[in-house]
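Peer 1: Got a file for you: run-v4.cif, mmCIF, C-alpha atoms.
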```
data_model
loop_
_atom_site.label_atom_id
_atom_site.label_comp_id
_atom_site.auth_asym_id
_atom_site.auth_seq_id
_atom_site.Cartn_x
_atom_site.Cartn_y
_atom_site.Cartn_z
CA MET I 28 0.00 0.00 0.00
CA GLN I 29 2.79 2.44 0.92
CA ALA I 30 4.59 1.65 -2.35
CA ALA I 31 1.39 2.33 -4.26
CA ARG I 32 0.95 5.69 -2.54
CA GLY I 33 4.56 6.56 -3.34
CA LEU I 34 4.05 5.70 -7.00
CA ALA I 35 0.85 7.76 -7.10
CA GLY I 36 2.70 10.71 -5.61
CA ARG I 37 5.48 10.47 -8.19
CA LEU I 38 2.96 10.26 -11.02
CA ALA I 39 1.13 13.28 -9.63
CA ASP I 40 4.41 15.23 -9.51
CA LEU I 41 5.02 14.38 -13.16
CA ALA I 42 1.57 15.63 -14.11
CA LEU I 43 1.63 18.65 -11.76
CA PRO I 44 5.25 19.33 -10.80
CA PRO I 45 5.86 21.22 -7.52
CA LEU I 46 6.32 24.94 -8.12
CA CYS I 47 7.45 27.77 -5.88
CA LEU I 48 4.45 29.39 -4.18
CA SER I 49 5.76 32.82 -5.14
CA CYS I 50 7.61 32.85 -8.47
CA GLY I 51 6.43 29.55 -9.97
CA LYS I 52 9.88 28.03 -10.50
CA GLY I 53 10.36 24.32 -9.94
CA VAL I 54 11.04 23.22 -6.37
CA GLU I 55 11.56 19.88 -4.66
CA ALA I 56 8.18 19.62 -2.92
CA HIS I 57 4.68 21.04 -3.16
CA GLY I 58 3.85 23.97 -0.88
CA ALA I 59 7.37 25.37 -0.76
CA LEU I 60 9.36 28.41 -1.81
CA CYS I 61 12.49 28.43 -3.91
CA GLY I 62 15.68 29.58 -2.23
CA ALA I 63 15.55 33.10 -3.65
CA CYS I 64 11.93 33.69 -2.63
CA TRP I 65 12.50 32.19 0.81
CA ALA I 66 15.33 34.65 1.38
CA ALA I 67 13.21 37.56 0.12
CA VAL I 68 10.09 36.87 2.21
CA GLY I 69 11.49 38.13 5.53
CA PHE I 70 10.53 35.48 8.06
CA ILE I 71 10.39 36.75 11.64
CA GLU I 72 12.79 35.01 13.98
CA ALA I 73 13.81 35.54 17.61
CA PRO I 74 14.48 37.80 19.36
CA VAL I 75 11.00 39.33 19.41
CA CYS I 76 8.97 41.31 21.92
CA PRO I 77 7.20 38.69 24.07
CA VAL I 78 3.97 40.73 23.93
CA SER I 79 3.69 42.27 20.46
CA GLY I 80 5.88 39.80 18.59
CA VAL I 81 7.70 42.65 16.84
CA PRO I 82 11.28 41.59 16.07
CA PHE I 83 14.09 43.32 17.98
CA PRO I 84 17.12 44.54 16.01
CA TYR I 85 19.32 42.93 18.67
CA ASP I 86 18.82 40.61 21.63
CA PRO I 87 17.90 42.80 24.66
CA GLY I 88 17.82 39.84 27.03
CA PRO I 89 15.07 37.54 28.33
CA GLY I 90 11.67 38.99 29.15
CA ILE I 91 12.34 42.50 27.82
CA VAL I 92 9.15 44.06 26.41
CA SER I 93 9.24 46.65 23.62
CA ALA I 94 8.75 50.30 24.48
CA ALA I 95 5.56 50.44 22.40
CA ALA I 96 3.98 47.52 24.28
CA LEU I 97 4.94 49.07 27.62
CA ALA I 98 3.55 52.48 26.67
CA SER I 99 0.27 51.10 25.33
CA PRO I 100 -0.33 47.51 26.51
CA PRO I 101 -2.59 45.64 24.07
CA PRO I 102 -5.70 43.75 25.24
CA TYR I 103 -4.13 40.46 24.11
CA ALA I 104 -1.42 38.64 26.04
CA ALA I 105 0.88 37.87 23.12
CA ALA I 106 1.02 38.09 19.34
CA ARG I 107 3.18 36.30 16.80
CA ALA I 108 3.49 36.43 13.01
CA VAL I 109 5.31 34.32 10.46
CA MET I 110 6.79 37.07 8.31
CA ARG I 111 7.18 40.77 7.78
CA TYR I 112 4.63 42.36 5.49
CA GLY I 113 6.73 43.50 2.54
CA ASP I 114 6.84 43.24 -1.23
CA GLU I 115 7.45 39.48 -1.41
CA SER I 116 5.15 38.42 1.42
CA ALA I 117 2.41 40.74 0.10
CA LYS I 118 2.38 38.79 -3.17
CA LEU I 119 1.83 35.54 -1.26
CA VAL I 120 -0.91 37.02 0.91
CA HIS I 121 -2.77 38.72 -1.94
CA ARG I 122 -2.80 35.61 -4.13
CA PHE I 123 -4.24 33.61 -1.27
CA LYS I 124 -6.69 36.29 -0.14
CA TYR I 125 -7.98 37.63 -3.45
CA ALA I 126 -7.05 35.11 -6.15
CA ASP I 127 -8.19 31.88 -4.45
CA ARG I 128 -4.67 30.41 -4.45
CA MET I 129 -5.63 27.79 -1.89
CA GLU I 130 -2.62 25.58 -2.61
CA ALA I 131 -0.62 27.87 -0.33
CA ALA I 132 -2.87 27.33 2.71
CA PRO I 133 -1.22 24.11 3.99
CA ALA I 134 2.23 25.72 3.90
CA PHE I 135 0.98 28.90 5.56
CA ALA I 136 -0.62 26.86 8.33
CA ARG I 137 2.60 24.90 8.94
CA TRP I 138 4.56 28.12 9.15
CA MET I 139 2.04 29.63 11.56
CA VAL I 140 2.12 26.58 13.84
CA ARG I 141 5.90 26.90 13.99
CA ALA I 142 5.84 30.66 14.63
CA GLY I 143 3.03 30.37 17.19
CA ALA I 144 4.09 27.20 19.00
CA GLU I 145 4.26 28.90 22.40
CA LEU I 146 0.87 30.57 21.82
CA LEU I 147 -0.82 27.32 20.86
CA GLU I 148 0.62 25.54 23.89
CA GLY I 149 -2.12 25.31 26.51
CA ALA I 150 -4.72 27.12 24.38
CA ASP I 151 -8.34 25.97 24.53
CA PHE I 152 -9.73 27.32 21.26
CA ILE I 153 -8.72 28.81 17.92
CA ALA I 154 -11.04 31.40 16.37
CA PRO I 155 -10.66 33.40 13.13
CA VAL I 156 -11.25 37.10 12.69
CA PRO I 157 -14.68 37.05 10.98
CA LEU I 158 -15.75 38.70 7.74
CA HIS I 159 -19.01 40.57 7.40
CA ARG I 160 -21.54 38.48 5.49
CA ARG I 161 -21.46 40.86 2.50
CA ARG I 162 -17.71 40.62 2.16
CA LEU I 163 -17.82 36.88 2.70
CA PHE I 164 -20.33 36.59 -0.14
CA SER I 165 -18.14 38.59 -2.52
CA ARG I 166 -14.88 36.88 -1.53
CA ARG I 167 -16.46 33.39 -1.20
CA PHE I 168 -14.28 32.31 1.73
CA ASN I 169 -12.77 33.71 4.90
CA GLN I 170 -9.01 33.38 4.54
CA SER I 171 -8.49 33.68 8.30
CA ALA I 172 -10.96 30.86 8.94
CA GLU I 173 -9.20 28.64 6.41
CA LEU I 174 -5.87 29.24 8.12
CA ALA I 175 -7.39 28.69 11.59
CA ARG I 176 -9.02 25.42 10.49
CA ARG I 177 -5.72 24.05 9.22
CA ILE I 178 -3.79 25.27 12.27
CA SER I 179 -6.31 23.45 14.45
CA GLY I 180 -5.76 20.24 12.49
CA LEU I 181 -1.99 20.48 12.91
CA SER I 182 -1.96 21.58 16.56
CA GLY I 183 -4.95 19.74 18.00
CA VAL I 184 -6.40 22.95 19.49
CA ALA I 185 -10.19 23.06 18.99
CA PHE I 186 -11.41 25.22 16.10
CA VAL I 187 -14.49 27.38 16.76
CA PRO I 188 -15.21 29.06 13.39
CA ASP I 189 -18.21 31.10 14.53
CA LEU I 190 -17.01 32.24 17.94
CA LEU I 191 -16.91 35.88 16.80
CA GLU I 192 -19.12 37.63 14.29
CA ARG I 193 -18.72 40.92 12.47
CA VAL I 194 -21.99 42.74 12.99
CA ARG I 195 -21.11 45.93 11.18
CA ALA I 196 -19.73 46.25 7.67
CA THR I 197 -16.59 48.37 7.90
CA ARG I 198 -14.75 50.15 5.13
CA PRO I 199 -11.45 48.54 4.05
CA GLN I 200 -8.61 49.42 6.40
CA VAL I 201 -6.14 50.03 3.57
CA GLY I 202 -4.70 53.53 3.74
CA LEU I 203 -6.19 54.40 7.14
CA SER I 204 -4.08 55.66 10.04
CA GLY I 205 -3.88 53.69 13.26
CA ASP I 206 -6.47 55.85 15.00
CA ALA I 207 -8.77 55.74 11.98
CA ARG I 208 -8.49 51.96 11.86
CA ARG I 209 -9.48 51.71 15.52
CA ARG I 210 -12.49 53.96 14.96
CA ASN I 211 -13.40 51.95 11.88
CA VAL I 212 -13.63 48.63 13.76
CA ALA I 213 -15.05 49.99 17.02
CA GLY I 214 -18.19 48.00 17.81
CA ALA I 215 -17.81 45.90 14.66
CA PHE I 216 -17.44 42.54 16.46
CA ARG I 217 -19.39 40.60 19.02
CA LEU I 218 -19.24 37.19 20.64
CA ARG I 219 -22.02 34.83 19.63
CA ALA I 220 -24.37 34.77 22.60
CA ALA I 221 -24.72 30.98 22.59
CA LEU I 222 -20.95 30.62 22.99
CA ARG I 223 -20.42 33.11 25.81
CA GLU I 224 -20.03 30.47 28.52
CA LEU I 225 -17.67 28.49 26.29
CA VAL I 226 -14.90 31.09 26.54
CA ARG I 227 -15.23 32.01 30.20
CA ASP I 228 -11.84 31.52 31.91
CA ARG I 229 -10.41 29.94 28.73
CA ILE I 230 -7.45 30.76 26.49
CA VAL I 231 -8.37 31.73 22.92
CA VAL I 232 -6.00 32.14 19.96
CA VAL I 233 -7.35 34.63 17.41
CA VAL I 234 -6.10 34.05 13.86
CA ASP I 235 -5.81 36.70 11.15
CA ASP I 236 -3.95 36.92 7.86
CA VAL I 237 -2.27 40.33 8.19
CA MET I 238 -1.68 42.52 11.23
CA THR I 239 -1.01 46.17 10.44
CA THR I 240 -1.63 48.47 13.41
CA GLY I 241 -3.33 45.70 15.38
CA ALA I 242 -6.68 47.53 15.48
CA THR I 243 -8.73 44.57 14.24
CA VAL I 244 -7.28 41.91 16.53
CA GLU I 245 -7.39 44.34 19.46
CA ALA I 246 -11.12 44.87 18.86
CA CYS I 247 -11.65 41.10 18.82
CA ALA I 248 -9.57 40.67 21.96
CA ARG I 249 -11.59 43.29 23.84
CA VAL I 250 -14.84 41.50 23.01
CA LEU I 251 -13.42 38.21 24.30
CA LYS I 252 -11.96 39.74 27.44
CA ALA I 253 -15.28 41.45 28.22
CA ALA I 254 -16.91 38.00 28.08
CA GLY I 255 -14.53 36.61 30.71
CA THR I 256 -11.88 35.00 28.52
CA ARG I 257 -8.82 34.42 30.68
CA GLU I 258 -6.29 35.17 27.95
CA VAL I 259 -6.34 36.12 24.28
CA ARG I 260 -3.40 35.38 22.01
CA VAL I 261 -3.00 36.49 18.39
CA LEU I 262 -1.43 34.53 15.53
CA CYS I 263 -1.02 36.06 12.07
CA LEU I 264 0.54 35.09 8.78
CA ALA I 265 2.20 38.47 8.19
CA ARG I 266 2.56 41.72 10.07
CA VAL I 267 3.76 45.24 9.38
CA VAL I 268 6.88 45.90 11.45
CA PRO I 269 6.93 49.53 12.65
CA GLY I 270 9.79 51.52 11.22
CA GLU I 271 10.40 49.29 8.20
CA GLY I 272 8.31 51.38 5.81
CA ALA I 273 5.77 48.76 4.70
CA THR I 274 2.19 49.97 4.35
CA ILE I 275 -1.13 48.34 3.62
#
```
Using C-alpha cells, write down the structure that the file contains.
Peer 2:
Amino acid sequence: MQAARGLAGRLADLALPPLCLSCGKGVEAHGALCGACWAAVGFIEAPVCPVSGVPFPYDPGPGIVSAAALASPPPYAAARAVMRYGDESAKLVHRFKYADRMEAAPAFARWMVRAGAELLEGADFIAPVPLHRRRLFSRRFNQSAELARRISGLSGVAFVPDLLERVRATRPQVGLSGDARRRNVAGAFRLRAALRELVRDRIVVVVDDVMTTGATVEACARVLKAAGTREVRVLCLARVVPGEGATI
C-alpha cells in the first residue's frame, strides 16, 4: 500500500510538478518556496517582543518588552506572526486572499504553527477574525478561517469558526491611520451569545492573515476579554513591522 501511494505521488508530480508558491519556478516539494523567494520573504525570527511579537534589532535579554507595548499595553497577552509584510510576502498574501490560491494554505498553516508554537501551547480554542456576510459573499471564503481550520488540524487545538461575528460592515482598512483603523472597527465585532459560557476563563487564539496596526485583533480581543476569557493570544501570517516602511 505504501509503495502504491509513493508511485501515485510520483505520477502526480510528473503531471503537476511542484512549483514555488511565489515565483512559480520548480522546487523539490509542493507547498514550498524556492531559495531566492524564501530569502526575500522576511521570516520573523527571535528575538521578538514577548507581547507584540515585533522583532528586535538585537537581543535585549530575556523577558524584555518593547517600548511600544509598555507604553500602550494591548488587550491580548501575546502576538506572533510568520513574516514581515513587505513586497514578497504581500504577493503571497494577496494571491491567497484575493485570487483563491488555496494551494498555499497548507504551507501557511505549517509556518504559523511553527511561529506560534508557544501561543498554541495550553490554548483551549482557535477562532478566526470574521468577515461581514457581505464581504464573505463577494470573496467566497474567509481566509483567516481557512488558516485557523488548518492550524487546528496540525496543533490539536479546537477550532471554533463562529465564535466571533462581524456585525457591522466596515470600510477597508487600507490607507487608514492607526487611529482611523481603531475607529473603523469599534463595535464591529461581538461574541455569539450561545458561545459566551464556552470562553469564560479559557485561552483563545485569534487568527488573522495580516496585522497592520493591530486595530482589528485588538477589537476582537476586547470582546473576548469582556466575556470573561482568561487570555487572548493572536497569531497572524504576516505583520507590518513599525519603522520598516511597509504599508497596507
Peer 1: Calculate how many Å separate atom CA of I:Ala96 from atom CA of I:Val78, rounding to one decimal.
Peer 2: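 For atom CA of I:Ala96 relative to atom CA of I:Val78, the distance reads 6.8 Å.
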Peer 1: Quick one: residues within 10 Å of I:Ala73, only C-alpha atoms, excluding same-chain residues fewer than 5 positions away - as a list in words?
Peer 2: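 The residues that qualify are Gly80, Val81, Pro82, Phe83, Pro84, Tyr85, Asp86 and Ala142 of chain I.
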Peer 1: Evaluate the PyMOL selection byres ((chain I and resi 153) around 8) here and jot the selected residues down as an NGL selection string.
Peer 2: :I and (150-152 or 154-155 or 175 or 179 or 184-188 or 231-234)
Peer 1: Just how far from atom CA of I:Leu48 is atom CA of I:Leu119, in Å to one decimal?
Peer 2: 7.3 Å
Peer 1: Apply the PyMOL selection byres ((chain I and resi 57) around 8) to the file shown and report the selected residues as a ChimeraX atom specification.
Peer 2: /I:44-47,54-56,58-59
Peer 1: Starting from the shown file, work through the PyMOL selection byres ((chain I and resi 108) around 8) and note down what comes out as a PyMOL selection string.
Peer 2: chain I and resi 71+80+106-107+109-111+139+142-143+262-266
Peer 1: Enter the distance from atom CA of I:Ser182 to atom CA of I:Ile230, in Å, rounded to one decimal.
Peer 2: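 Computing it gives 14.6 Å between the two atoms.
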Peer 1: Got a sec: who's within 10 Å of I:Ile91, counting all atoms listed in the file, leaving out chain neighbours fewer than 6 positions off, as a PyMOL selection string?
Peer 2: chain I and resi 74-78+97
Peer 1: Could you tell me which of I:Ala215, I:Leu222, I:Ala131, I:Cys64 comes closest to I:Asp189 if we count all atoms listed in the file?
Peer 2: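 Closest candidate: I:Leu222.
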Peer 1: Can you pull out every residue within 9 Å of I:Tyr103, counting only C-alpha atoms, but drop anything in the same chain fewer than 3 positions away, and send it as a VMD selection string?
Peer 2: chain I and resid 78 to 79 100 106 244 to 245 248 to 249 252 258 to 261
Peer 1: Out of I:Trp65, I:Phe70, I:Phe135, I:Tyr112, which residue has the shortest atom-to-atom distance to I:Gln170 when counting only C-alpha atoms?
Peer 2: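 Residue with the minimum atom-to-atom distance to I:Gln170: I:Phe135.
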Peer 1: Smallest atom-to-atom distance to I:Leu181: which of I:Lys52, I:Arg227, I:Lys124, I:Arg141, using all atoms listed in the file?
Peer 2: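 The answer is I:Arg141, which sits nearest to I:Leu181.
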Peer 1: Ranking I:Ile178, I:Val226, I:Leu191, I:Val68 by minimum distance to I:Ser116 and counting only C-alpha atoms, which one comes first?
Peer 2: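 Going through I:Ile178, I:Val226, I:Leu191, I:Val68 one by one, the smallest distance to I:Ser116 is for I:Val68.
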Peer 1: Pick the closest to I:Pro102 from I:Gly90, I:Arg217, I:Trp138, I:Thr256: which is it, counting only C-alpha atoms?
Peer 2: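 Closest candidate: I:Thr256.
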